[in-house]
>>> print(open('run_33.csv').read())   # CSV, C-alpha atoms
chain,number,residue,atom,x,y,z
A,1,MET,CA,-46.3,48.5,11.3
A,2,GLY,CA,-43.7,49.5,13.8
A,3,ASN,CA,-43.6,46.0,15.3
A,4,GLN,CA,-43.1,44.5,11.9
A,5,LEU,CA,-40.1,46.8,11.2
A,6,ASP,CA,-38.6,45.9,14.6
A,7,TYR,CA,-39.0,42.2,13.9
A,8,ASP,CA,-37.3,42.6,10.5
A,9,LYS,CA,-34.4,44.4,12.1
A,10,ILE,CA,-34.0,41.7,14.7
A,11,GLU,CA,-34.1,39.0,12.0
A,12,LYS,CA,-31.5,40.8,9.9
A,13,ARG,CA,-29.2,41.2,12.9
A,14,ALA,CA,-29.6,37.5,13.7
A,15,ASP,CA,-28.8,36.7,10.0
A,16,VAL,CA,-25.7,38.9,10.2
A,17,ARG,CA,-24.5,37.2,13.4
A,18,LYS,CA,-25.2,33.8,12.0
A,19,LYS,CA,-23.2,34.6,8.8
A,20,ALA,CA,-20.3,36.1,10.9
A,21,LEU,CA,-20.3,33.0,13.1
A,22,ASN,CA,-20.2,30.8,10.0
A,23,ILE,CA,-17.3,32.8,8.5
A,24,ILE,CA,-15.3,32.4,11.8
A,25,ILE,CA,-16.0,28.7,11.8
A,26,TYR,CA,-14.9,28.2,8.2
A,27,ILE,CA,-11.8,30.3,8.8
A,28,PHE,CA,-11.0,28.1,11.8
A,29,LEU,CA,-11.7,24.9,9.9
A,30,GLY,CA,-9.6,26.1,7.0
A,31,PHE,CA,-6.7,26.9,9.2
A,32,TRP,CA,-7.0,23.6,11.0
A,33,GLY,CA,-7.2,21.7,7.7
A,34,ILE,CA,-4.0,23.4,6.5
A,35,LEU,CA,-2.3,22.6,9.7
A,36,VAL,CA,-3.3,18.9,9.5
A,37,LEU,CA,-2.5,18.5,5.8
A,38,PHE,CA,0.8,20.4,5.7
A,39,PRO,CA,2.9,17.4,6.9
A,40,PHE,CA,1.5,15.4,4.0
A,41,TYR,CA,2.2,18.2,1.5
A,42,TRP,CA,5.8,18.5,2.9
A,43,MET,CA,6.3,14.8,2.6
A,44,ILE,CA,5.2,14.7,-1.0
A,45,LEU,CA,7.2,17.9,-1.8
A,46,THR,CA,10.4,16.5,-0.4
A,47,SER,CA,9.9,13.2,-2.2
A,48,ILE,CA,9.9,14.9,-5.6
A,49,LYS,CA,12.9,17.1,-4.9
A,50,SER,CA,16.2,15.9,-6.3
A,51,TYR,CA,18.9,14.9,-3.8
A,52,GLY,CA,21.2,17.8,-4.9
A,53,SER,CA,18.5,20.5,-4.7
A,54,TYR,CA,17.3,19.3,-1.3
A,55,ASN,CA,20.8,19.4,0.2
A,56,THR,CA,21.6,22.8,-1.2
A,57,GLU,CA,18.5,24.4,0.4
A,58,TYR,CA,19.8,26.2,3.4
A,59,ILE,CA,16.3,27.7,3.8
A,60,PRO,CA,13.6,25.1,3.1
A,61,LYS,CA,11.4,26.0,0.1
A,62,PHE,CA,7.7,25.4,0.0
A,63,PHE,CA,7.7,24.5,-3.8
A,64,THR,CA,10.0,23.1,-6.4
A,65,LEU,CA,10.4,24.1,-10.1
A,66,SER,CA,12.2,20.8,-11.1
A,67,PRO,CA,10.2,17.8,-9.7
A,68,THR,CA,11.6,14.4,-10.2
A,69,LEU,CA,10.5,10.8,-9.7
A,70,GLU,CA,14.0,9.4,-9.3
A,71,ASN,CA,13.6,9.1,-5.5
A,72,TYR,CA,10.7,6.6,-6.0
A,73,ALA,CA,12.8,4.4,-8.2
A,74,GLU,CA,15.7,4.6,-5.8
A,75,ALA,CA,13.4,3.7,-2.9
A,76,PHE,CA,12.5,0.4,-4.5
A,77,THR,CA,16.0,-0.4,-5.8
A,78,ALA,CA,18.3,0.7,-2.9
A,79,VAL,CA,16.3,-1.1,-0.3
A,80,PRO,CA,13.9,-4.1,-0.4
A,81,LEU,CA,10.8,-1.9,-0.1
A,82,GLY,CA,8.8,-4.2,-2.5
A,83,SER,CA,9.5,-7.1,-0.2
A,84,TYR,CA,8.3,-5.1,2.8
A,85,PHE,CA,5.2,-4.1,0.9
A,86,LEU,CA,4.4,-7.7,-0.1
A,87,ASN,CA,4.9,-8.9,3.5
A,88,THR,CA,2.5,-6.3,4.8
A,89,LEU,CA,-0.1,-7.1,2.1
A,90,ILE,CA,0.0,-10.8,3.1
A,91,PHE,CA,-0.1,-10.0,6.8
A,92,THR,CA,-3.0,-7.6,6.4
A,93,VAL,CA,-5.2,-9.8,4.1
A,94,ILE,CA,-4.8,-13.0,6.1
A,95,THR,CA,-5.2,-11.3,9.5
A,96,THR,CA,-8.3,-9.4,8.4
A,97,ALA,CA,-9.9,-12.5,6.8
A,98,VAL,CA,-9.3,-14.7,9.8
A,99,MET,CA,-10.5,-12.0,12.2
A,100,LEU,CA,-13.8,-11.7,10.3
A,101,ILE,CA,-14.2,-15.5,10.5
A,102,VAL,CA,-13.7,-15.3,14.3
A,103,ILE,CA,-15.7,-12.2,15.3
A,104,ILE,CA,-18.8,-12.7,13.1
A,105,PRO,CA,-19.9,-16.0,14.8
A,106,ALA,CA,-18.9,-14.6,18.2
A,107,ALA,CA,-21.0,-11.4,17.7
A,108,PHE,CA,-23.9,-13.5,16.5
A,109,ALA,CA,-23.8,-15.8,19.5
A,110,PHE,CA,-23.8,-12.9,22.0
A,111,ALA,CA,-26.5,-11.0,20.0
A,112,ARG,CA,-29.0,-13.7,19.1
A,113,LEU,CA,-28.4,-17.0,20.9
A,114,ASP,CA,-29.6,-17.7,24.4
A,115,PHE,CA,-27.3,-19.8,26.6
A,116,LYS,CA,-26.6,-19.9,30.3
A,117,GLY,CA,-24.3,-17.3,31.6
A,118,LYS,CA,-24.3,-15.2,28.3
A,119,ASN,CA,-24.4,-11.8,30.0
A,120,LEU,CA,-21.8,-12.7,32.6
A,121,LEU,CA,-19.5,-14.1,29.9
A,122,PHE,CA,-20.0,-11.0,27.7
A,123,THR,CA,-19.2,-8.7,30.7
A,124,LEU,CA,-16.0,-10.7,31.4
A,125,PHE,CA,-15.2,-10.5,27.7
A,126,LEU,CA,-15.6,-6.7,27.7
A,127,SER,CA,-13.4,-6.5,30.8
A,128,LEU,CA,-10.5,-7.6,28.7
A,129,MET,CA,-10.5,-4.2,27.1
A,130,MET,CA,-9.4,-2.8,30.5
A,131,ILE,CA,-6.1,-4.7,30.4
A,132,PRO,CA,-3.2,-2.5,29.2
A,133,ASN,CA,-1.8,-3.4,25.8
A,134,GLU,CA,1.7,-3.6,27.2
A,135,LEU,CA,0.7,-6.6,29.4
A,136,VAL,CA,-1.0,-8.3,26.5
A,137,ILE,CA,2.1,-7.8,24.3
A,138,ILE,CA,4.4,-9.3,27.0
A,139,THR,CA,2.1,-12.4,27.3
A,140,ASN,CA,1.8,-12.8,23.5
A,141,TYR,CA,5.6,-12.4,23.1
A,142,THR,CA,6.3,-15.1,25.7
A,143,THR,CA,3.8,-17.5,24.1
A,144,ILE,CA,4.9,-17.0,20.5
A,145,THR,CA,8.6,-17.3,21.6
A,146,ASN,CA,7.9,-20.5,23.5
A,147,LEU,CA,6.1,-21.9,20.5
A,148,ASP,CA,9.1,-21.1,18.3
A,149,MET,CA,7.0,-18.9,16.0
A,150,ARG,CA,9.3,-15.8,15.9
A,151,ASN,CA,10.1,-14.6,12.4
A,152,THR,CA,7.1,-16.4,11.0
A,153,PHE,CA,3.8,-15.1,9.5
A,154,THR,CA,2.0,-17.3,11.9
A,155,GLY,CA,3.6,-15.6,14.9
A,156,LEU,CA,2.8,-12.2,13.4
A,157,ILE,CA,-0.9,-13.0,12.6
A,158,LEU,CA,-2.2,-15.1,15.5
A,159,PRO,CA,-2.3,-12.4,18.3
A,160,SER,CA,-4.2,-10.1,15.9
A,161,VAL,CA,-7.1,-12.3,14.9
A,162,VAL,CA,-9.4,-11.5,17.9
A,163,SER,CA,-10.7,-8.0,18.8
A,164,VAL,CA,-13.0,-7.5,21.7
A,165,PHE,CA,-14.0,-4.0,20.4
A,166,TYR,CA,-15.0,-5.3,17.0
A,167,ILE,CA,-17.0,-8.1,18.5
A,168,TYR,CA,-18.8,-5.6,20.7
A,169,LEU,CA,-19.4,-3.2,17.8
A,170,LEU,CA,-20.8,-6.0,15.6
A,171,LYS,CA,-22.8,-7.5,18.4
A,172,GLU,CA,-24.6,-4.1,19.0
A,173,ASN,CA,-25.3,-3.9,15.3
A,174,PHE,CA,-26.7,-7.5,15.2
A,175,ALA,CA,-28.9,-6.7,18.2
A,176,GLN,CA,-30.7,-4.0,16.3
A,177,ILE,CA,-32.2,-6.5,13.9
A,178,PRO,CA,-35.8,-7.3,15.0
A,179,ASP,CA,-36.2,-10.6,16.8
A,180,GLU,CA,-39.3,-11.4,14.7
A,181,LEU,CA,-37.0,-12.0,11.6
A,182,TYR,CA,-35.1,-14.6,13.6
A,183,TYR,CA,-38.2,-16.4,14.9
A,184,ALA,CA,-39.8,-16.4,11.5
A,185,ALA,CA,-36.7,-17.9,10.0
A,186,LYS,CA,-36.6,-20.6,12.6
A,187,VAL,CA,-40.3,-21.4,11.9
A,188,ASP,CA,-39.4,-21.9,8.2
A,189,GLY,CA,-36.6,-24.3,9.3
A,190,THR,CA,-33.7,-22.0,8.6
A,191,SER,CA,-30.5,-22.9,10.4
A,192,ASP,CA,-28.6,-20.3,12.5
A,193,PHE,CA,-25.8,-20.3,10.0
A,194,LYS,CA,-28.0,-19.7,7.1
A,195,TYR,CA,-29.9,-17.0,8.9
A,196,LEU,CA,-26.5,-15.3,9.7
A,197,VAL,CA,-25.3,-15.5,6.1
A,198,ARG,CA,-28.5,-14.6,4.3
A,199,VAL,CA,-30.1,-12.1,6.7
A,200,MET,CA,-27.8,-10.6,9.3
A,201,ILE,CA,-24.6,-10.1,7.3
A,202,PRO,CA,-26.3,-8.3,4.4
A,203,ILE,CA,-28.2,-6.0,6.8
A,204,CYS,CA,-25.0,-5.2,8.7
A,205,LYS,CA,-22.8,-4.8,5.7
A,206,PRO,CA,-21.9,-1.2,6.4
A,207,THR,CA,-20.6,-2.1,9.8
A,208,LEU,CA,-18.6,-5.1,8.4
A,209,ILE,CA,-17.0,-2.8,5.8
A,210,THR,CA,-16.1,-0.4,8.6
A,211,ILE,CA,-14.6,-3.1,10.7
A,212,THR,CA,-12.7,-4.5,7.7
A,213,ILE,CA,-11.2,-1.1,6.8
A,214,LEU,CA,-10.3,-0.2,10.4
A,215,LYS,CA,-8.6,-3.6,10.7
A,216,VAL,CA,-6.7,-3.1,7.4
A,217,ILE,CA,-5.5,0.3,8.7
A,218,GLU,CA,-4.5,-1.3,12.0
A,219,CYS,CA,-2.5,-4.1,10.4
A,220,TRP,CA,-0.9,-1.7,7.9
A,221,ASN,CA,0.3,0.6,10.6
A,222,SER,CA,1.3,-2.1,13.1
A,223,TYR,CA,4.7,-1.4,14.5
A,224,VAL,CA,5.3,-2.6,18.1
A,225,TRP,CA,4.3,-6.2,17.7
A,226,PRO,CA,6.2,-6.8,14.4
A,227,ARG,CA,9.2,-5.0,15.8
A,228,LEU,CA,9.3,-7.4,18.8
A,229,ILE,CA,8.6,-10.7,17.0
A,230,THR,CA,10.7,-10.2,13.9
A,231,ASP,CA,14.4,-9.5,13.6
A,232,ASN,CA,14.8,-11.0,10.2
A,233,PRO,CA,14.5,-8.5,7.3
A,234,THR,CA,12.7,-11.1,5.2
A,235,HIS,CA,9.7,-10.8,7.5
A,236,PHE,CA,9.7,-7.1,8.0
A,237,LEU,CA,6.5,-5.1,7.5
A,238,VAL,CA,6.5,-1.6,5.9
A,239,SER,CA,6.5,0.1,9.4
A,240,ASN,CA,9.6,-1.9,10.5
A,241,GLY,CA,11.1,-1.6,7.0
A,242,ILE,CA,10.9,2.2,7.2
A,243,GLN,CA,12.5,2.2,10.6
A,244,ALA,CA,15.3,0.0,9.3
A,245,ILE,CA,15.7,2.3,6.3
A,246,ARG,CA,15.8,5.3,8.6
A,247,GLU,CA,18.4,3.7,10.9
A,248,SER,CA,20.6,2.7,7.9
A,249,GLY,CA,23.0,5.1,6.1
A,250,PHE,CA,20.6,5.3,3.2
A,251,GLY,CA,17.7,6.7,5.2
A,252,ARG,CA,19.8,9.2,7.0
A,253,GLU,CA,21.6,10.4,3.9
A,254,ASN,CA,19.0,10.4,1.2
A,255,ILE,CA,16.0,12.1,2.8
A,256,PRO,CA,14.1,12.7,-0.4
A,257,ALA,CA,14.2,8.9,-1.2
A,258,MET,CA,13.2,8.2,2.4
A,259,MET,CA,10.1,10.4,1.9
A,260,ALA,CA,9.3,8.7,-1.4
A,261,ALA,CA,9.2,5.4,0.5
A,262,VAL,CA,6.9,6.9,3.1
A,263,VAL,CA,4.6,8.3,0.4
A,264,VAL,CA,4.4,4.9,-1.3
A,265,ILE,CA,3.4,3.2,1.9
A,266,SER,CA,0.9,5.9,2.9
A,267,VAL,CA,-1.0,6.3,-0.3
A,268,PRO,CA,-2.9,2.9,-0.3
A,269,LEU,CA,-4.5,3.7,3.1
A,270,ILE,CA,-5.4,7.2,2.1
A,271,VAL,CA,-7.0,6.0,-1.1
A,272,LEU,CA,-8.8,3.2,0.8
A,273,PHE,CA,-10.3,5.6,3.3
A,274,LEU,CA,-11.3,8.2,0.7
A,275,ILE,CA,-13.2,5.5,-1.2
A,276,PHE,CA,-15.0,4.0,1.7
A,277,ARG,CA,-15.3,7.0,4.0
A,278,LYS,CA,-19.1,7.2,3.8
A,279,LYS,CA,-19.3,3.5,4.6
A,280,VAL,CA,-17.0,3.9,7.6
A,281,MET,CA,-19.1,6.8,9.0
A,282,GLU,CA,-22.3,4.9,8.4
A,283,GLY,CA,-21.0,1.7,10.0
A,284,VAL,CA,-19.8,3.5,13.1
A,285,ALA,CA,-23.1,5.3,13.5
A,286,ARG,CA,-25.1,2.1,13.1
A,287,GLY,CA,-22.9,0.2,15.6
A,288,GLY,CA,-23.1,2.9,18.2
A,289,THR,CA,-26.9,3.4,17.9
A,290,LYS,CA,-29.2,1.3,20.0
A,291,GLY,CA,-32.8,0.7,19.0
>>> encode(input="run_33.csv", output="structure tokens")
Amino acid sequence: MGNQLDYDKIEKRADVRKKALNIIIYIFLGFWGILVLFPFYWMILTSIKSYGSYNTEYIPKFFTLSPTLENYAEAFTAVPLGSYFLNTLIFTVITTAVMLIVIIPAAFAFARLDFKGKNLLFTLFLSLMMIPNELVIITNYTTITNLDMRNTFTGLILPSVVSVFYIYLLKENFAQIPDELYYAAKVDGTSDFKYLVRVMIPICKPTLITITILKVIECWNSYVWPRLITDNPTHFLVSNGIQAIRESGFGRENIPAMMAAVVVISVPLIVLFLIFRKKVMEGVARGGTKG
């Protein structure tokens, strides 16, 4: 009986310690979440403050009693934000589509086909990830300039259609599919292309969705390369457009309208990630698991 009471006491103490630890963890995560989300809250709050009320705040206020959407209207009328948005949409869609067309066959070849020097070639291919991005940008800039493709969508898109990391991620995912499926398909007379389209792509759909979303985010947030290769506002992307707005008198004077423009640009990516967050996590987990 005494042993049972001692066991119950030990168990209760363990439960108390576990609950206390959980409380500490939740407090820390809550504090960290507030810290991370506060800049987004401040951005949205500033965007719905009127120009007059914002400038009269000697001490910043963490709320507003008179929200307005005038800044959003001004962000589209005072600067060509709609044009920047359209350019970015075109750049993102075409780049992502062409990249998928390139990396899917490449990943299939490395994962399923047998040819001489495959392992050596793949090792050399992966070694490209060791090259600093600055060196790649310099080479790409020289090439695009010599081809007279500056201030063109072709010049913007071409250097972004191949990704060694995405090929590696998809290749590892393809390699997890049992070889027996491939050999059975070959016995039935199925071509490699048909096997890729009907078997491998449907099975690896979560990883493909993950790669697509990550590439969309990468293209949407692209800054350095578009900044180098375009100096004509008609080809500016949203990242360069925001920088141009900030450097102009409009962006420095009307901060609420500037924040409204940033909100408009940020919302599509946030919504996209929230919708497909489970697919992203699943795809990364599948691509990083062997066997």
>>> residues_around(input="run_33.csv", residues="A:Thr234", least_positions_apart="2", cutoff="12 Å", atoms="only C-alpha atoms", output="tab-separated table (two decimals) with C-alpha atoms, in the frame of the given file")
chain	number	residue	atom	x	y	z
A	79	VAL	CA	16.30	-1.10	-0.30
A	80	PRO	CA	13.90	-4.10	-0.40
A	81	LEU	CA	10.80	-1.90	-0.10
A	82	GLY	CA	8.80	-4.20	-2.50
A	83	SER	CA	9.50	-7.10	-0.20
A	84	TYR	CA	8.30	-5.10	2.80
A	85	PHE	CA	5.20	-4.10	0.90
A	86	LEU	CA	4.40	-7.70	-0.10
A	87	ASN	CA	4.90	-8.90	3.50
A	88	THR	CA	2.50	-6.30	4.80
A	151	ASN	CA	10.10	-14.60	12.40
A	152	THR	CA	7.10	-16.40	11.00
A	153	PHE	CA	3.80	-15.10	9.50
A	230	THR	CA	10.70	-10.20	13.90
A	231	ASP	CA	14.40	-9.50	13.60
A	232	ASN	CA	14.80	-11.00	10.20
A	236	PHE	CA	9.70	-7.10	8.00
A	237	LEU	CA	6.50	-5.10	7.50
A	238	VAL	CA	6.50	-1.60	5.90
A	240	ASN	CA	9.60	-1.90	10.50
A	241	GLY	CA	11.10	-1.60	7.00
>>> closest_residue(input="run_33.csv", among="A:Gly155, A:Pro233, A:Pro226, A:Pro256", to="A:Asn55", atoms="all atoms listed in the file")
A:Pro256
>>> atom_distance(input="run_33.csv", atom1="atom CA of A:Leu45", atom2="atom CA of A:Ile275")
23.9 Å
>>> atom_distance(input="run_33.csv", atom1="atom CA of A:Gly30", atom2="atom CA of A:Leu274")
19.1 Å
>>> closest_atom_pairs(input="run_33.csv", of="stretch 90-141 of chain A", to="stretch 198-220 of chain A", cutoff="8 Å", atoms="all atoms listed in the file", output="Markdown table")
| residue | atom | partner | partner_atom | distance |
| --- | --- | --- | --- | --- |
| A:Phe91 | CA | A:Cys219 | CA | 7.3 |
| A:Thr92 | CA | A:Cys219 | CA | 5.3 |
| A:Val93 | CA | A:Val216 | CA | 7.6 |
| A:Thr95 | CA | A:Cys219 | CA | 7.7 |
| A:Thr96 | CA | A:Lys215 | CA | 6.2 |
| A:Leu100 | CA | A:Thr212 | CA | 7.7 |
>>> write_last_selection(input="run_33.csv", atoms="C-alpha atoms", output="PDB file, in the frame of the given file")
ATOM      1  CA  PHE A  91      -0.100 -10.000   6.800  1.00  0.00           C
ATOM      2  CA  THR A  92      -3.000  -7.600   6.400  1.00  0.00           C
ATOM      3  CA  VAL A  93      -5.200  -9.800   4.100  1.00  0.00           C
ATOM      4  CA  THR A  95      -5.200 -11.300   9.500  1.00  0.00           C
ATOM      5  CA  THR A  96      -8.300  -9.400   8.400  1.00  0.00           C
ATOM      6  CA  LEU A 100     -13.800 -11.700  10.300  1.00  0.00           C
TER       7      LEU A 100
END
>>> residues_around(input="run_33.csv", residues="stretch 123-128 of chain A", least_positions_apart="2", cutoff="10 Å", atoms="all atoms listed in the file", output="list of chain:residue names")
A:Lys118, A:Asn119, A:Leu120, A:Leu121, A:Met130, A:Ile131, A:Pro132, A:Val136, A:Ser163, A:Val164, A:Phe165, A:Ile167, A:Tyr168
>>> residues_near_point(input="run_33.csv", point="(0.7, -12.9, 18.2)", cutoff="7 Å", atoms="all atoms listed in the file", output="list in words")
Asn140, Tyr141, Ile144, Gly155, Leu156, Ile157, Leu158, Pro159 and Ser160 of chain A
>>> closest_residue(input="run_33.csv", among="A:Arg150, A:Ala73, A:Lys19, A:Ile34", to="A:Met258", atoms="all atoms listed in the file")
A:Ala73
>>> decode(input="run_33.csv", residues="stretch 262-273 of chain A", atoms="all heavy atoms", output="CSV table (one decimal), in the first residue's frame")
chain,number,residue,atom,x,y,z
A,262,VAL,N,2.9,47.8,-49.9
A,262,VAL,CA,3.6,46.6,-49.4
A,262,VAL,C,2.6,45.5,-49.0
A,262,VAL,O,2.8,44.3,-49.2
A,262,VAL,CB,4.5,47.0,-48.2
A,262,VAL,CG1,5.1,45.7,-47.6
A,262,VAL,CG2,5.6,47.9,-48.7
A,263,VAL,N,1.4,45.9,-48.4
A,263,VAL,CA,0.4,44.9,-48.0
A,263,VAL,C,-0.1,44.2,-49.2
A,263,VAL,O,-0.3,43.0,-49.2
A,263,VAL,CB,-0.7,45.6,-47.2
A,263,VAL,CG1,-1.9,44.7,-47.0
A,263,VAL,CG2,-0.2,46.1,-45.9
A,264,VAL,N,-0.5,45.0,-50.3
A,264,VAL,CA,-1.0,44.4,-51.5
A,264,VAL,C,-0.1,43.4,-52.1
A,264,VAL,O,-0.5,42.3,-52.6
A,264,VAL,CB,-1.3,45.5,-52.5
A,264,VAL,CG1,-1.7,45.0,-53.9
A,264,VAL,CG2,-2.4,46.4,-52.0
A,265,ILE,N,1.2,43.7,-52.0
A,265,ILE,CA,2.2,42.8,-52.6
A,265,ILE,C,2.4,41.5,-51.7
A,265,ILE,O,2.6,40.4,-52.2
A,265,ILE,CB,3.5,43.5,-52.8
A,265,ILE,CG1,3.4,44.6,-53.9
A,265,ILE,CG2,4.7,42.6,-53.1
A,265,ILE,CD1,4.6,45.5,-54.0
A,266,SER,N,2.3,41.7,-50.4
A,266,SER,CA,2.6,40.6,-49.5
A,266,SER,C,1.4,39.6,-49.4
A,266,SER,O,1.6,38.4,-49.1
A,266,SER,CB,2.9,41.1,-48.1
A,266,SER,OG,4.0,42.0,-48.2
A,267,VAL,N,0.2,40.1,-49.5
A,267,VAL,CA,-1.0,39.3,-49.2
A,267,VAL,C,-1.1,38.0,-50.1
A,267,VAL,O,-1.3,36.9,-49.6
A,267,VAL,CB,-2.3,40.1,-49.3
A,267,VAL,CG1,-3.5,39.2,-49.4
A,267,VAL,CG2,-2.4,41.0,-48.1
A,268,PRO,N,-0.8,38.1,-51.4
A,268,PRO,CA,-0.9,36.9,-52.2
A,268,PRO,C,0.0,35.7,-51.8
A,268,PRO,O,-0.5,34.6,-51.7
A,268,PRO,CB,-0.5,37.3,-53.6
A,268,PRO,CG,-0.8,38.8,-53.6
A,268,PRO,CD,-0.5,39.3,-52.3
A,269,LEU,N,1.2,36.0,-51.4
A,269,LEU,CA,2.1,35.0,-50.9
A,269,LEU,C,1.7,34.4,-49.6
A,269,LEU,O,1.8,33.2,-49.3
A,269,LEU,CB,3.5,35.5,-50.8
A,269,LEU,CG,4.2,35.9,-52.1
A,269,LEU,CD1,5.7,36.3,-51.8
A,269,LEU,CD2,4.2,34.7,-53.1
A,270,ILE,N,1.2,35.3,-48.7
A,270,ILE,CA,0.7,34.8,-47.4
A,270,ILE,C,-0.5,33.8,-47.6
A,270,ILE,O,-0.6,32.8,-47.0
A,270,ILE,CB,0.3,36.0,-46.5
A,270,ILE,CG1,1.6,36.8,-46.2
A,270,ILE,CG2,-0.3,35.5,-45.2
A,270,ILE,CD1,1.3,38.1,-45.4
A,271,VAL,N,-1.4,34.2,-48.4
A,271,VAL,CA,-2.6,33.4,-48.7
A,271,VAL,C,-2.2,32.1,-49.3
A,271,VAL,O,-2.7,31.0,-49.0
A,271,VAL,CB,-3.6,34.2,-49.6
A,271,VAL,CG1,-4.8,33.3,-50.0
A,271,VAL,CG2,-4.2,35.4,-48.8
A,272,LEU,N,-1.3,32.2,-50.3
A,272,LEU,CA,-0.8,31.0,-51.0
A,272,LEU,C,-0.2,30.0,-50.0
A,272,LEU,O,-0.5,28.8,-50.0
A,272,LEU,CB,0.2,31.3,-52.1
A,272,LEU,CG,0.7,30.2,-52.9
A,272,LEU,CD1,-0.4,29.6,-53.8
A,272,LEU,CD2,1.9,30.7,-53.8
A,273,PHE,N,0.6,30.5,-49.1
A,273,PHE,CA,1.3,29.6,-48.1
A,273,PHE,C,0.3,29.0,-47.2
A,273,PHE,O,0.3,27.8,-46.8
A,273,PHE,CB,2.4,30.3,-47.4
A,273,PHE,CG,3.1,29.5,-46.4
A,273,PHE,CD1,4.1,28.6,-46.8
A,273,PHE,CD2,2.8,29.5,-45.1
A,273,PHE,CE1,4.7,27.8,-45.9
A,273,PHE,CE2,3.5,28.7,-44.1
A,273,PHE,CZ,4.4,27.8,-44.6
